[in-house]
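Q: Have a peek at upload-v4.pdb (PDB, C-alpha atoms, pLDDT in the B column).
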MODEL        1
ATOM      1  CA  MET A 472      -6.403  14.044   0.790  1.00 44.00           C
ATOM      2  CA  ARG A 473      -5.279  17.128  -1.068  1.00 55.00           C
ATOM      3  CA  GLY A 474      -6.869  20.318   0.100  1.00 63.00           C
ATOM      4  CA  TRP A 475      -6.550  24.045   0.488  1.00 63.00           C
ATOM      5  CA  VAL A 476      -2.979  25.222   1.049  1.00 69.00           C
ATOM      6  CA  PRO A 477      -2.709  28.789   2.406  1.00 74.00           C
ATOM      7  CA  GLY A 478      -0.526  31.056   0.270  1.00 76.00           C
ATOM      8  CA  LEU A 479      -0.073  28.540  -2.548  1.00 80.00           C
ATOM      9  CA  ILE A 480       0.539  30.390  -5.810  1.00 83.00           C
ATOM     10  CA  SER A 481      -1.411  29.279  -8.857  1.00 84.00           C
ATOM     11  CA  PRO A 482       0.686  28.296 -11.893  1.00 84.00           C
ATOM     12  CA  HIS A 483      -2.031  29.764 -14.151  1.00 86.00           C
ATOM     13  CA  PRO A 484      -3.508  32.924 -12.540  1.00 91.00           C
ATOM     14  CA  ILE A 485      -7.016  33.568 -13.836  1.00 93.00           C
ATOM     15  CA  GLY A 486      -6.625  37.354 -13.562  1.00 92.00           C
ATOM     16  CA  GLN A 487      -3.827  37.338 -16.137  1.00 92.00           C
ATOM     17  CA  GLN A 488      -6.066  35.514 -18.624  1.00 92.00           C
ATOM     18  CA  LEU A 489      -8.915  38.064 -18.501  1.00 93.00           C
ATOM     19  CA  PRO A 490      -9.532  40.460 -21.393  1.00 94.00           C
ATOM     20  CA  ALA A 491      -7.329  43.575 -21.376  1.00 93.00           C
ATOM     21  CA  VAL A 492     -10.094  45.788 -20.012  1.00 92.00           C
ATOM     22  CA  TYR A 493     -10.090  43.801 -16.719  1.00 93.00           C
ATOM     23  CA  LEU A 494      -6.302  43.631 -16.264  1.00 93.00           C
ATOM     24  CA  GLU A 495      -6.292  47.016 -14.498  1.00 92.00           C
ATOM     25  CA  ASP A 496      -9.617  46.453 -12.661  1.00 94.00           C
ATOM     26  CA  ASP A 497      -8.826  46.045  -8.955  1.00 94.00           C
ATOM     27  CA  PHE A 498     -12.099  44.229  -8.130  1.00 95.00           C
ATOM     28  CA  ALA A 499     -11.712  41.721 -10.984  1.00 94.00           C
ATOM     29  CA  GLN A 500      -8.112  40.985  -9.987  1.00 93.00           C
ATOM     30  CA  ARG A 501      -8.965  40.502  -6.283  1.00 93.00           C
ATOM     31  CA  PHE A 502     -11.979  38.317  -7.166  1.00 93.00           C
ATOM     32  CA  THR A 503      -9.978  36.065  -9.464  1.00 93.00           C
ATOM     33  CA  ALA A 504      -7.100  35.941  -6.938  1.00 90.00           C
ATOM     34  CA  GLY A 505      -9.547  34.322  -4.484  1.00 87.00           C
ATOM     35  CA  LEU A 506     -10.411  31.739  -7.121  1.00 90.00           C
ATOM     36  CA  ASP A 507      -6.706  31.184  -7.815  1.00 88.00           C
ATOM     37  CA  GLU A 508      -6.115  30.347  -4.160  1.00 84.00           C
ATOM     38  CA  VAL A 509      -8.872  27.714  -4.247  1.00 85.00           C
ATOM     39  CA  LEU A 510      -7.891  26.249  -7.621  1.00 87.00           C
ATOM     40  CA  ALA A 511      -4.088  26.264  -7.102  1.00 87.00           C
ATOM     41  CA  PRO A 512      -3.928  22.859  -5.310  1.00 84.00           C
ATOM     42  CA  ILE A 513      -6.083  21.281  -8.015  1.00 85.00           C
ATOM     43  CA  LEU A 514      -4.040  22.716 -10.881  1.00 87.00           C
ATOM     44  CA  LEU A 515      -0.722  21.794  -9.267  1.00 85.00           C
ATOM     45  CA  THR A 516      -1.970  18.257  -8.582  1.00 83.00           C
ATOM     46  CA  LEU A 517      -3.045  17.839 -12.195  1.00 88.00           C
ATOM     47  CA  ASP A 518       0.284  19.244 -13.446  1.00 88.00           C
ATOM     48  CA  CYS A 519       2.195  16.453 -11.673  1.00 88.00           C
ATOM     49  CA  LEU A 520      -0.457  13.729 -11.663  1.00 90.00           C
ATOM     50  CA  ASP A 521       1.950  11.068 -12.930  1.00 93.00           C
ATOM     51  CA  ALA A 522       4.092  11.526  -9.796  1.00 92.00           C
ATOM     52  CA  TYR A 523       1.091  10.603  -7.637  1.00 90.00           C
ATOM     53  CA  PHE A 524       1.010   7.144  -9.209  1.00 92.00           C
ATOM     54  CA  ASP A 525       4.763   6.557  -8.830  1.00 94.00           C
ATOM     55  CA  LEU A 526       5.189   4.709  -5.524  1.00 93.00           C
ATOM     56  CA  GLU A 527       8.554   6.353  -4.855  1.00 93.00           C
ATOM     57  CA  LEU A 528       7.215   9.890  -5.302  1.00 93.00           C
ATOM     58  CA  THR A 529       3.626   9.837  -4.088  1.00 91.00           C
ATOM     59  CA  PRO A 530       2.841  11.675  -0.830  1.00 88.00           C
ATOM     60  CA  PRO A 531       2.021   9.476   2.209  1.00 86.00           C
ATOM     61  CA  ASP A 532      -1.688  10.382   2.292  1.00 84.00           C
ATOM     62  CA  PHE A 533      -2.113   9.494  -1.384  1.00 88.00           C
ATOM     63  CA  LEU A 534      -0.138   6.300  -0.776  1.00 91.00           C
ATOM     64  CA  ASP A 535      -2.841   5.232   1.687  1.00 89.00           C
ATOM     65  CA  TRP A 536      -5.449   5.887  -0.995  1.00 90.00           C
ATOM     66  CA  LEU A 537      -3.504   3.781  -3.510  1.00 93.00           C
ATOM     67  CA  ALA A 538      -3.326   1.031  -0.886  1.00 92.00           C
ATOM     68  CA  GLY A 539      -7.120   1.015  -0.856  1.00 91.00           C
ATOM     69  CA  TRP A 540      -7.129   0.504  -4.635  1.00 93.00           C
ATOM     70  CA  VAL A 541      -5.216  -2.775  -4.300  1.00 93.00           C
ATOM     71  CA  ALA A 542      -6.767  -3.824  -0.951  1.00 90.00           C
ATOM     72  CA  ALA A 543      -3.476  -3.534   0.915  1.00 89.00           C
ATOM     73  CA  PRO A 544      -3.796  -3.036   4.670  1.00 84.00           C
ATOM     74  CA  VAL A 545      -3.114   0.563   5.723  1.00 79.00           C
ATOM     75  CA  ASP A 546      -0.948   0.824   8.827  1.00 81.00           C
ATOM     76  CA  ARG A 547       0.036   4.454   9.395  1.00 84.00           C
ATOM     77  CA  ASP A 548       2.449   3.420  12.182  1.00 85.00           C
ATOM     78  CA  ARG A 549       4.779   1.738   9.691  1.00 85.00           C
ATOM     79  CA  PRO A 550       7.464   3.781   7.927  1.00 86.00           C
ATOM     80  CA  PRO A 551       6.526   5.141   4.482  1.00 87.00           C
ATOM     81  CA  GLN A 552       9.025   2.904   2.632  1.00 90.00           C
ATOM     82  CA  ALA A 553       7.513  -0.231   4.210  1.00 88.00           C
ATOM     83  CA  ARG A 554       4.038   0.949   3.188  1.00 91.00           C
ATOM     84  CA  ARG A 555       5.298   1.602  -0.363  1.00 93.00           C
ATOM     85  CA  ASP A 556       6.691  -1.952  -0.540  1.00 92.00           C
ATOM     86  CA  LEU A 557       3.385  -3.353   0.683  1.00 92.00           C
ATOM     87  CA  VAL A 558       1.441  -1.522  -2.046  1.00 94.00           C
ATOM     88  CA  ARG A 559       4.051  -2.536  -4.651  1.00 94.00           C
ATOM     89  CA  HIS A 560       3.621  -6.236  -3.801  1.00 94.00           C
ATOM     90  CA  ALA A 561      -0.113  -6.198  -2.966  1.00 94.00           C
ATOM     91  CA  VAL A 562      -1.325  -7.898  -6.143  1.00 93.00           C
ATOM     92  CA  GLU A 563       1.265 -10.657  -5.842  1.00 95.00           C
ATOM     93  CA  LEU A 564       0.397 -11.100  -2.161  1.00 93.00           C
ATOM     94  CA  HIS A 565      -3.274 -11.568  -3.071  1.00 93.00           C
ATOM     95  CA  ARG A 566      -2.343 -14.022  -5.824  1.00 94.00           C
ATOM     96  CA  TRP A 567      -0.368 -16.285  -3.481  1.00 93.00           C
ATOM     97  CA  ARG A 568      -2.427 -15.795  -0.307  1.00 90.00           C
ATOM     98  CA  GLY A 569      -2.832 -18.972   1.730  1.00 87.00           C
ATOM     99  CA  THR A 570       0.157 -20.739   0.166  1.00 90.00           C
ATOM    100  CA  ALA A 571       3.665 -21.244   1.522  1.00 92.00           C
ATOM    101  CA  ARG A 572       4.980 -18.876  -1.130  1.00 94.00           C
ATOM    102  CA  GLY A 573       2.403 -16.256  -0.121  1.00 94.00           C
ATOM    103  CA  VAL A 574       3.274 -16.554   3.577  1.00 95.00           C
ATOM    104  CA  GLU A 575       6.966 -16.159   2.783  1.00 95.00           C
ATOM    105  CA  LEU A 576       6.350 -13.136   0.569  1.00 95.00           C
ATOM    106  CA  ALA A 577       4.058 -11.468   3.122  1.00 94.00           C
ATOM    107  CA  LEU A 578       6.613 -11.885   5.896  1.00 94.00           C
ATOM    108  CA  ARG A 579       9.511 -10.769   3.703  1.00 94.00           C
ATOM    109  CA  VAL A 580       7.649  -7.612   2.637  1.00 92.00           C
ATOM    110  CA  ALA A 581       6.534  -6.856   6.208  1.00 90.00           C
ATOM    111  CA  THR A 582       9.853  -7.464   7.953  1.00 91.00           C
ATOM    112  CA  GLY A 583      12.571  -7.320   5.316  1.00 90.00           C
ATOM    113  CA  ALA A 584      14.138 -10.395   6.921  1.00 93.00           C
ATOM    114  CA  ARG A 585      15.113 -13.725   5.376  1.00 95.00           C
ATOM    115  CA  VAL A 586      12.183 -16.129   5.743  1.00 95.00           C
ATOM    116  CA  GLU A 587      11.877 -19.896   5.295  1.00 95.00           C
ATOM    117  CA  VAL A 588       8.417 -21.453   5.106  1.00 95.00           C
ATOM    118  CA  THR A 589       7.793 -25.183   4.916  1.00 93.00           C
ATOM    119  CA  ASP A 590       4.470 -26.925   4.969  1.00 89.00           C
ATOM    120  CA  ASN A 591       3.449 -30.553   5.014  1.00 83.00           C
ATOM    121  CA  GLY A 592       0.755 -30.067   2.417  1.00 74.00           C
ATOM    122  CA  GLY A 593      -1.865 -31.572   4.698  1.00 69.00           C
ATOM    123  CA  VAL A 594      -3.483 -33.320   1.726  1.00 65.00           C
ATOM    124  CA  SER A 595      -4.362 -36.960   1.469  1.00 64.00           C
ATOM    125  CA  TRP A 596      -5.994 -39.036  -1.203  1.00 66.00           C
ATOM    126  CA  SER A 597      -7.106 -42.573  -1.935  1.00 68.00           C
ATOM    127  CA  ALA A 598      -6.344 -44.560  -5.072  1.00 74.00           C
ATOM    128  CA  THR A 599      -9.649 -46.438  -4.854  1.00 77.00           C
ATOM    129  CA  PRO A 600     -12.961 -44.607  -4.954  1.00 79.00           C
ATOM    130  CA  THR A 601     -14.742 -47.054  -2.632  1.00 76.00           C
ATOM    131  CA  GLY A 602     -11.860 -47.588  -0.228  1.00 70.00           C
ATOM    132  CA  ALA A 603     -11.747 -46.303   3.302  1.00 71.00           C
ATOM    133  CA  PRO A 604     -10.738 -42.649   3.560  1.00 66.00           C
ATOM    134  CA  PRO A 605      -7.120 -42.101   4.537  1.00 65.00           C
ATOM    135  CA  ALA A 606      -6.234 -40.968   8.020  1.00 69.00           C
ATOM    136  CA  ASP A 607      -6.599 -37.283   8.640  1.00 68.00           C
ATOM    137  CA  GLU A 608      -3.364 -35.381   8.305  1.00 72.00           C
ATOM    138  CA  THR A 609      -3.265 -32.035  10.079  1.00 79.00           C
ATOM    139  CA  SER A 610      -2.043 -29.157   7.950  1.00 83.00           C
ATOM    140  CA  GLN A 611       1.058 -27.528   9.394  1.00 89.00           C
ATOM    141  CA  VAL A 612       3.288 -24.607   8.459  1.00 92.00           C
ATOM    142  CA  ARG A 613       6.719 -24.013   9.930  1.00 95.00           C
ATOM    143  CA  VAL A 614       8.087 -20.477   9.661  1.00 95.00           C
ATOM    144  CA  ARG A 615      11.706 -19.548  10.358  1.00 96.00           C
ATOM    145  CA  ILE A 616      12.716 -15.908  10.334  1.00 96.00           C
ATOM    146  CA  HIS A 617      16.363 -14.935  10.424  1.00 94.00           C
ATOM    147  CA  GLY A 618      17.052 -11.537  11.943  1.00 90.00           C
ATOM    148  CA  ASP A 619      15.796  -9.059  14.492  1.00 91.00           C
ATOM    149  CA  VAL A 620      12.080  -8.615  13.798  1.00 92.00           C
ATOM    150  CA  ASP A 621       9.021  -7.271  15.572  1.00 90.00           C
ATOM    151  CA  GLU A 622       7.286 -10.453  16.829  1.00 93.00           C
ATOM    152  CA  PRO A 623       3.789  -8.912  17.222  1.00 92.00           C
ATOM    153  CA  LEU A 624       3.992  -7.724  13.601  1.00 91.00           C
ATOM    154  CA  VAL A 625       5.095 -11.199  12.468  1.00 93.00           C
ATOM    155  CA  ARG A 626       2.186 -12.824  14.312  1.00 94.00           C
ATOM    156  CA  GLN A 627      -0.243 -10.306  12.811  1.00 92.00           C
ATOM    157  CA  VAL A 628       1.015 -11.051   9.287  1.00 92.00           C
ATOM    158  CA  LEU A 629       0.838 -14.795   9.936  1.00 94.00           C
ATOM    159  CA  ALA A 630      -2.749 -14.503  11.164  1.00 93.00           C
ATOM    160  CA  ALA A 631      -3.688 -12.776   7.908  1.00 91.00           C
ATOM    161  CA  ALA A 632      -1.629 -14.966   5.558  1.00 92.00           C
ATOM    162  CA  VAL A 633      -2.094 -18.506   6.912  1.00 91.00           C
ATOM    163  CA  PRO A 634      -5.502 -20.205   6.605  1.00 88.00           C
ATOM    164  CA  ALA A 635      -7.282 -20.514   9.959  1.00 87.00           C
ATOM    165  CA  HIS A 636      -7.314 -24.331  10.015  1.00 84.00           C
ATOM    166  CA  VAL A 637      -3.537 -24.634   9.565  1.00 87.00           C
ATOM    167  CA  ARG A 638      -1.308 -25.108  12.612  1.00 90.00           C
ATOM    168  CA  THR A 639       1.604 -22.659  12.597  1.00 93.00           C
ATOM    169  CA  THR A 640       5.007 -22.974  14.242  1.00 94.00           C
ATOM    170  CA  LEU A 641       7.128 -19.830  14.427  1.00 95.00           C
ATOM    171  CA  GLU A 642      10.876 -19.695  15.037  1.00 94.00           C
ATOM    172  CA  ILE A 643      12.718 -16.384  15.188  1.00 93.00           C
ATOM    173  CA  LEU A 644      16.447 -16.938  14.820  1.00 91.00           C
ATOM    174  CA  PRO A 645      19.170 -14.321  15.427  1.00 86.00           C
TER
ENDMDL
END
Translate the structure of the given file into structure tokens.
A:
Amino acid sequence: MRGWVPGLISPHPIGQQLPAVYLEDDFAQRFTAGLDEVLAPILLTLDCLDAYFDLELTPPDFLDWLAGWVAAPVDRDRPPQARRDLVRHAVELHRWRGTARGVELALRVATGARVEVTDNGGVSWSATPTGAPPADETSQVRVRIHGDVDEPLVRQVLAAAVPAHVRTTLEILP
């Protein structure tokens, strides 16, 4: 997180705000200069606080903190723009998690590639309440990704986005 930055100049030096009698006092000026050095990162952060909440402007370490706010996975190995996109879409990803639309969105955000997801629904029902239950239909999802993508990343995203009981078929097309 934000911390002490050696040599950072305070935008509001405390020594200049002291009463006139202390403006020429060497001890008072040196003492307040030490406080300025400690307070400068805090004051500068507060001066541009709105930029910290803009996903295009926020520093990478604060971006990871924002990711925690929306429960987005933090992967410091990914480029900053990919992490920004993940935080930007985190709420929508949570909303659609476990659905075909959610799987498609998660893969599109993670890879930037064109993704097609089809599922069979895996749902069955009976029109009569006392009738025999219908035959079990296994839930299946078929994922087609068009483009050059990182397969381990795709499999990791699929493991997080597809419910555990659903069979998944992955096709990566050039």
Q: Hey, which of A:Asp497, A:Arg549, A:Arg555, A:Pro512 ends up closest to Phe533 in chain A? Count only C-alpha atoms.
A: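 With only C-alpha atoms as the atom set, the closest residue is A:Arg555.
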Q: Can you work out which one of A:Leu479, A:Leu526, A:Leu557, A:Leu578 has the shortest atom-to-atom distance to Ile513 in chain A, counting all atoms listed in the file?
A: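 Closest to Ile513 in chain A of all the choices is A:Leu479.
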Q: At most 12 Å from (5.5, 3.8, 8.9), file frame, only C-alpha atoms: which residues, as a PyMOL selection string?
A: chain A and resi 531-532+534-535+545-557+581
Q: The PyMOL selection byres ((chain A and resi 609-611) around 6) on the file shown: which residues, as a list of chain:residue names?
A: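 When the PyMOL selection byres ((chain A and resi 609-611) around 6) is applied to the shown file, the picked residues are A:Asp590, A:Asn591, A:Gly593, A:Glu608, A:Val612, A:Val637, A:Arg638, A:Thr639.
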Q: Mind writing the picked residues with C-alpha atoms as a compact mmCIF listing (two decimals), in the coordinates of the input?
A:
# COMPACT_ATOMS: atom_id res chain seq x y z
CA ASP A 590 4.47 -26.92 4.97
CA ASN A 591 3.45 -30.55 5.01
CA GLY A 593 -1.86 -31.57 4.70
CA GLU A 608 -3.36 -35.38 8.30
CA VAL A 612 3.29 -24.61 8.46
CA VAL A 637 -3.54 -24.63 9.56
CA ARG A 638 -1.31 -25.11 12.61
CA THR A 639 1.60 -22.66 12.60
Q: Would you list the contacts of Arg572 in chain A as number ranges by chain, taking every protein, DNA or RNA residue within 12 Å and counting all atoms listed in the file, but skipping same-chain residues closer than 6 positions in sequence?
A: A: 563-566, 578-579, 586-590, 612, 614, 632-633
Q: Could you tell me how far CA of Leu537 in chain A sits from CA of Leu506 in chain A, in Å to one decimal place?
A: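 Here the two named atoms are 29.0 Å from each other.
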Q: Have a look at A:Glu642, A:Pro544, A:Val562, A:Ser481 and name the one nearest to Leu510 in chain A; count all atoms listed in the file.
A: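 Among A:Glu642, A:Pro544, A:Val562, A:Ser481, it is A:Ser481 that comes nearest to Leu510 in chain A.
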Q: Could you jot down the CA of Ala522 in chain A to CA of Val580 in chain A separation for me, Å, one decimal place?
A: 23.1 Å
Q: Which value, in Å to one decimal, gives the distance between CA of Asp525 in chain A and CA of Leu624 in chain A?
A: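 Those two atoms sit 26.6 Å apart.
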Q: Evaluate the PyMOL selection byres ((chain A and resi 487) around 12) on the structure here and hand back the selected residues as a PDB file with C-alpha atoms, in the coordinates of the input.
A:
ATOM      1  CA  SER A 481      -1.411  29.279  -8.857  1.00 84.00           C
ATOM      2  CA  PRO A 482       0.686  28.296 -11.893  1.00 84.00           C
ATOM      3  CA  HIS A 483      -2.031  29.764 -14.151  1.00 86.00           C
ATOM      4  CA  PRO A 484      -3.508  32.924 -12.540  1.00 91.00           C
ATOM      5  CA  ILE A 485      -7.016  33.568 -13.836  1.00 93.00           C
ATOM      6  CA  GLY A 486      -6.625  37.354 -13.562  1.00 92.00           C
ATOM      7  CA  GLN A 488      -6.066  35.514 -18.624  1.00 92.00           C
ATOM      8  CA  LEU A 489      -8.915  38.064 -18.501  1.00 93.00           C
ATOM      9  CA  PRO A 490      -9.532  40.460 -21.393  1.00 94.00           C
ATOM     10  CA  ALA A 491      -7.329  43.575 -21.376  1.00 93.00           C
ATOM     11  CA  VAL A 492     -10.094  45.788 -20.012  1.00 92.00           C
ATOM     12  CA  TYR A 493     -10.090  43.801 -16.719  1.00 93.00           C
ATOM     13  CA  LEU A 494      -6.302  43.631 -16.264  1.00 93.00           C
ATOM     14  CA  GLU A 495      -6.292  47.016 -14.498  1.00 92.00           C
ATOM     15  CA  ASP A 496      -9.617  46.453 -12.661  1.00 94.00           C
ATOM     16  CA  ALA A 499     -11.712  41.721 -10.984  1.00 94.00           C
ATOM     17  CA  GLN A 500      -8.112  40.985  -9.987  1.00 93.00           C
ATOM     18  CA  ARG A 501      -8.965  40.502  -6.283  1.00 93.00           C
ATOM     19  CA  THR A 503      -9.978  36.065  -9.464  1.00 93.00           C
ATOM     20  CA  ALA A 504      -7.100  35.941  -6.938  1.00 90.00           C
ATOM     21  CA  ASP A 507      -6.706  31.184  -7.815  1.00 88.00           C
TER      22      ASP A 507
END
Q: Counting only C-alpha atoms, figure out which residue out of A:Gly583, A:Gly478, A:Pro530, A:Gly539 gets nearest to Val625 in chain A.
A: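 So, comparing all the options, the nearest one is A:Gly583.
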Q: Report the centre and edge lengths, in Å to one decimal, of an axis-aligned box enclosing every atom of range 497-516 of chain A listed in the file, padded by 3 Å on each side, as AutoDock Vina command-line options.
A:
--center_x -6.4 --center_y 32.2 --center_z -7.6 --size_x 17.4 --size_y 33.8 --size_z 12.8
Q: Which is closer to Gly569 in chain A than all the others in A:Leu514, A:Val628, A:Ala543, A:Ile480, using only C-alpha atoms?
A: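 So, comparing all the options, the nearest one is A:Val628.
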Q: Would you save range 489-512 of chain A from the block above with N, CA, C and O atoms, as a PDB file, in the first residue's frame?
A:
ATOM      1  N   LEU A 489       3.119  27.990  10.437  1.00  0.00           N
ATOM      2  CA  LEU A 489       3.329  28.357  11.840  1.00  0.00           C
ATOM      3  C   LEU A 489       3.196  29.870  12.014  1.00  0.00           C
ATOM      4  O   LEU A 489       3.342  30.635  11.048  1.00  0.00           O
ATOM      5  N   PRO A 490       2.972  30.311  13.241  1.00  0.00           N
ATOM      6  CA  PRO A 490       2.945  31.764  13.492  1.00  0.00           C
ATOM      7  C   PRO A 490       4.285  32.400  13.095  1.00  0.00           C
ATOM      8  O   PRO A 490       5.324  31.744  13.068  1.00  0.00           O
ATOM      9  N   ALA A 491       4.260  33.683  12.826  1.00  0.00           N
ATOM     10  CA  ALA A 491       5.434  34.399  12.305  1.00  0.00           C
ATOM     11  C   ALA A 491       6.659  34.248  13.189  1.00  0.00           C
ATOM     12  O   ALA A 491       7.790  34.195  12.694  1.00  0.00           O
ATOM     13  N   VAL A 492       6.476  34.144  14.475  1.00  0.00           N
ATOM     14  CA  VAL A 492       7.613  34.047  15.391  1.00  0.00           C
ATOM     15  C   VAL A 492       8.418  32.764  15.148  1.00  0.00           C
ATOM     16  O   VAL A 492       9.624  32.732  15.398  1.00  0.00           O
ATOM     17  N   TYR A 493       7.803  31.717  14.618  1.00  0.00           N
ATOM     18  CA  TYR A 493       8.491  30.440  14.385  1.00  0.00           C
ATOM     19  C   TYR A 493       9.019  30.284  12.956  1.00  0.00           C
ATOM     20  O   TYR A 493       9.713  29.320  12.663  1.00  0.00           O
ATOM     21  N   LEU A 494       8.698  31.238  12.074  1.00  0.00           N
ATOM     22  CA  LEU A 494       9.148  31.119  10.685  1.00  0.00           C
ATOM     23  C   LEU A 494      10.665  31.204  10.560  1.00  0.00           C
ATOM     24  O   LEU A 494      11.248  30.613   9.646  1.00  0.00           O
ATOM     25  N   GLU A 495      11.319  31.919  11.451  1.00  0.00           N
ATOM     26  CA  GLU A 495      12.777  32.047  11.428  1.00  0.00           C
ATOM     27  C   GLU A 495      13.454  31.092  12.409  1.00  0.00           C
ATOM     28  O   GLU A 495      14.671  31.032  12.465  1.00  0.00           O
ATOM     29  N   ASP A 496      12.678  30.331  13.181  1.00  0.00           N
ATOM     30  CA  ASP A 496      13.248  29.411  14.181  1.00  0.00           C
ATOM     31  C   ASP A 496      13.715  28.140  13.485  1.00  0.00           C
ATOM     32  O   ASP A 496      12.918  27.378  12.926  1.00  0.00           O
ATOM     33  N   ASP A 497      15.031  27.908  13.529  1.00  0.00           N
ATOM     34  CA  ASP A 497      15.629  26.757  12.833  1.00  0.00           C
ATOM     35  C   ASP A 497      15.102  25.435  13.383  1.00  0.00           C
ATOM     36  O   ASP A 497      14.781  24.518  12.622  1.00  0.00           O
ATOM     37  N   PHE A 498      14.995  25.302  14.710  1.00  0.00           N
ATOM     38  CA  PHE A 498      14.515  24.048  15.303  1.00  0.00           C
ATOM     39  C   PHE A 498      13.071  23.750  14.883  1.00  0.00           C
ATOM     40  O   PHE A 498      12.745  22.632  14.495  1.00  0.00           O
ATOM     41  N   ALA A 499      12.219  24.761  14.937  1.00  0.00           N
ATOM     42  CA  ALA A 499      10.801  24.569  14.579  1.00  0.00           C
ATOM     43  C   ALA A 499      10.677  24.168  13.112  1.00  0.00           C
ATOM     44  O   ALA A 499       9.871  23.292  12.758  1.00  0.00           O
ATOM     45  N   GLN A 500      11.478  24.772  12.251  1.00  0.00           N
ATOM     46  CA  GLN A 500      11.411  24.445  10.823  1.00  0.00           C
ATOM     47  C   GLN A 500      11.924  23.030  10.546  1.00  0.00           C
ATOM     48  O   GLN A 500      11.345  22.290   9.743  1.00  0.00           O
ATOM     49  N   ARG A 501      13.018  22.624  11.212  1.00  0.00           N
ATOM     50  CA  ARG A 501      13.538  21.262  11.012  1.00  0.00           C
ATOM     51  C   ARG A 501      12.571  20.224  11.575  1.00  0.00           C
ATOM     52  O   ARG A 501      12.350  19.165  10.976  1.00  0.00           O
ATOM     53  N   PHE A 502      11.961  20.521  12.729  1.00  0.00           N
ATOM     54  CA  PHE A 502      11.007  19.600  13.351  1.00  0.00           C
ATOM     55  C   PHE A 502       9.781  19.396  12.461  1.00  0.00           C
ATOM     56  O   PHE A 502       9.355  18.269  12.213  1.00  0.00           O
ATOM     57  N   THR A 503       9.240  20.490  11.956  1.00  0.00           N
ATOM     58  CA  THR A 503       8.058  20.365  11.098  1.00  0.00           C
ATOM     59  C   THR A 503       8.412  19.777   9.736  1.00  0.00           C
ATOM     60  O   THR A 503       7.567  19.137   9.103  1.00  0.00           O
ATOM     61  N   ALA A 504       9.653  19.956   9.276  1.00  0.00           N
ATOM     62  CA  ALA A 504      10.075  19.341   8.007  1.00  0.00           C
ATOM     63  C   ALA A 504      10.055  17.817   8.123  1.00  0.00           C
ATOM     64  O   ALA A 504       9.702  17.114   7.172  1.00  0.00           O
ATOM     65  N   GLY A 505      10.419  17.298   9.304  1.00  0.00           N
ATOM     66  CA  GLY A 505      10.333  15.846   9.541  1.00  0.00           C
ATOM     67  C   GLY A 505       8.890  15.363   9.483  1.00  0.00           C
ATOM     68  O   GLY A 505       8.600  14.299   8.947  1.00  0.00           O
ATOM     69  N   LEU A 506       7.987  16.154  10.021  1.00  0.00           N
ATOM     70  CA  LEU A 506       6.565  15.799   9.953  1.00  0.00           C
ATOM     71  C   LEU A 506       6.058  15.874   8.512  1.00  0.00           C
ATOM     72  O   LEU A 506       5.254  15.052   8.080  1.00  0.00           O
ATOM     73  N   ASP A 507       6.547  16.872   7.769  1.00  0.00           N
ATOM     74  CA  ASP A 507       6.141  17.020   6.368  1.00  0.00           C
ATOM     75  C   ASP A 507       6.510  15.772   5.570  1.00  0.00           C
ATOM     76  O   ASP A 507       5.741  15.316   4.728  1.00  0.00           O
ATOM     77  N   GLU A 508       7.698  15.242   5.837  1.00  0.00           N
ATOM     78  CA  GLU A 508       8.158  14.068   5.092  1.00  0.00           C
ATOM     79  C   GLU A 508       7.272  12.842   5.369  1.00  0.00           C
ATOM     80  O   GLU A 508       7.020  12.034   4.492  1.00  0.00           O
ATOM     81  N   VAL A 509       6.774  12.743   6.599  1.00  0.00           N
ATOM     82  CA  VAL A 509       5.894  11.628   6.955  1.00  0.00           C
ATOM     83  C   VAL A 509       4.484  11.842   6.419  1.00  0.00           C
ATOM     84  O   VAL A 509       3.836  10.902   5.956  1.00  0.00           O
ATOM     85  N   LEU A 510       4.007  13.070   6.450  1.00  0.00           N
ATOM     86  CA  LEU A 510       2.632  13.363   6.036  1.00  0.00           C
ATOM     87  C   LEU A 510       2.471  13.576   4.533  1.00  0.00           C
ATOM     88  O   LEU A 510       1.348  13.515   4.022  1.00  0.00           O
ATOM     89  N   ALA A 511       3.560  13.829   3.807  1.00  0.00           N
ATOM     90  CA  ALA A 511       3.467  14.119   2.367  1.00  0.00           C
ATOM     91  C   ALA A 511       2.744  13.025   1.585  1.00  0.00           C
ATOM     92  O   ALA A 511       1.851  13.340   0.789  1.00  0.00           O
ATOM     93  N   PRO A 512       3.063  11.719   1.770  1.00  0.00           N
ATOM     94  CA  PRO A 512       2.317  10.708   0.997  1.00  0.00           C
ATOM     95  C   PRO A 512       0.819  10.705   1.303  1.00  0.00           C
ATOM     96  O   PRO A 512       0.001  10.499   0.410  1.00  0.00           O
TER      97      PRO A 512
END
